[in-house]
Amino acid sequence: QARLMESGGGLVQSGGSLRLSCAAPGSIFSYKTMGWYRQAPGNQRELVAHITIIGSTYYAGSVKGRFTISRDNAKNTVYLQMNSLKPEDTAVYYCNTAPSATEAWGQGTQVTVFS
């Protein structure tokens with residue numbers, strides 16, 4: 001049973017915004033760097049962004065300046081604010097520990113950006 005639960009995806013026009021959420025068990029969240037990954041059809045899953053327990057962040061070059069990762073340690077939740085979305089951002093988005101994914105993958109949340 002997946003313990004990571006992503007939500008917030010949807011269909012959005014190019015240039016639009018979405019905010020993704022991921023709830024994780026405290027046993028994972030409390031002391032691990034958490035990240036957002038994405039997988040587009042035909043592509044390998046890639047790390048998009050991650051955030052340490054003290055809030056230090058990393059972004060892949062393709063999303064830097066457009067996406068913002070944050071976490072609420074009290075709620076065991078990590079967020080991904082996605083602005084200025086592009087069609088190439090279309091993918092299923094997942095959360096997991098980072099930079100190595102050590103937990104079972106959740107079902108992800110679909111983000112589709114149309115032009």
# chains A, B, ... in the order shown; residues from 1 in each chain; ligands from 1
$ residues_around --residues "stretch 51-54 of chain A" --least-positions-apart "3" --cutoff "6 Å" --atoms "only C-alpha atoms" --output "list in words"
Thr33, Met34 and Thr57 of chain A
$ write_last_selection --atoms "N, CA and C atoms" --output "PDB file, in the first residue's frame"
ATOM      1  N   THR A  33      15.027  14.511   3.189  1.00  0.00           N
ATOM      2  CA  THR A  33      14.818  15.407   2.070  1.00  0.00           C
ATOM      3  C   THR A  33      13.714  14.830   1.199  1.00  0.00           C
ATOM      4  N   MET A  34      12.784  15.669   0.808  1.00  0.00           N
ATOM      5  CA  MET A  34      11.665  15.240  -0.014  1.00  0.00           C
ATOM      6  C   MET A  34      11.742  15.901  -1.383  1.00  0.00           C
ATOM      7  N   THR A  57      16.815  24.117  -1.002  1.00  0.00           N
ATOM      8  CA  THR A  57      16.133  23.601  -2.185  1.00  0.00           C
ATOM      9  C   THR A  57      17.082  23.375  -3.362  1.00  0.00           C
TER      10      THR A  57
END
$ select_by_dssp --residues "chain A" --states "alpha helix (DSSP H)" --output "list in words"
Gly26, Ser27, Ile28 and Phe29 of chain A
$ write_last_selection --atoms "N, CA, C and O atoms" --output "CSV table (one decimal), in the first residue's frame"
chain,number,residue,atom,x,y,z
A,26,GLY,N,4.8,10.6,8.9
A,26,GLY,CA,5.8,11.3,9.7
A,26,GLY,C,7.1,10.5,9.8
A,26,GLY,O,8.1,11.2,9.9
A,27,SER,N,7.0,9.2,9.8
A,27,SER,CA,8.2,8.4,9.9
A,27,SER,C,9.1,8.7,8.7
A,27,SER,O,10.3,8.4,8.8
A,28,ILE,N,8.6,9.1,7.6
A,28,ILE,CA,9.4,9.4,6.4
A,28,ILE,C,9.8,10.9,6.4
A,28,ILE,O,10.9,11.3,6.3
A,29,PHE,N,8.7,11.7,6.6
A,29,PHE,CA,8.9,13.1,6.4
A,29,PHE,C,9.8,13.8,7.4
A,29,PHE,O,10.4,14.8,7.1
$ select_by_dssp --residues "chain A" --states "strand (DSSP E)" --output "VMD selection string"
chain A and resid 5 to 7 10 to 13 18 to 23 34 to 39 46 to 51 57 to 59 67 to 72 77 to 82 91 to 97 109 to 114
$ closest_residue --among "A:Leu80, A:Ala91, A:Val111, A:Val12" --to "A:Arg38" --atoms "only C-alpha atoms"
A:Ala91
$ closest_residue --among "A:Thr109, A:Asn43, A:Ser100, A:Thr77" --to "A:Cys22" --atoms "only C-alpha atoms"
A:Thr77
$ closest_residue --among "A:Val63, A:Leu20, A:Val78, A:Leu11" --to "A:Tyr93" --atoms "only C-alpha atoms"
A:Leu20
$ atom_distance --atom1 "atom CA of A:Ala23" --atom2 "atom CA of A:Cys95"
8.9 Å
$ closest_residue --among "A:Gly106, A:Gly15, A:Gly9, A:Gly55" --to "A:Tyr31" --atoms "only C-alpha atoms"
A:Gly55
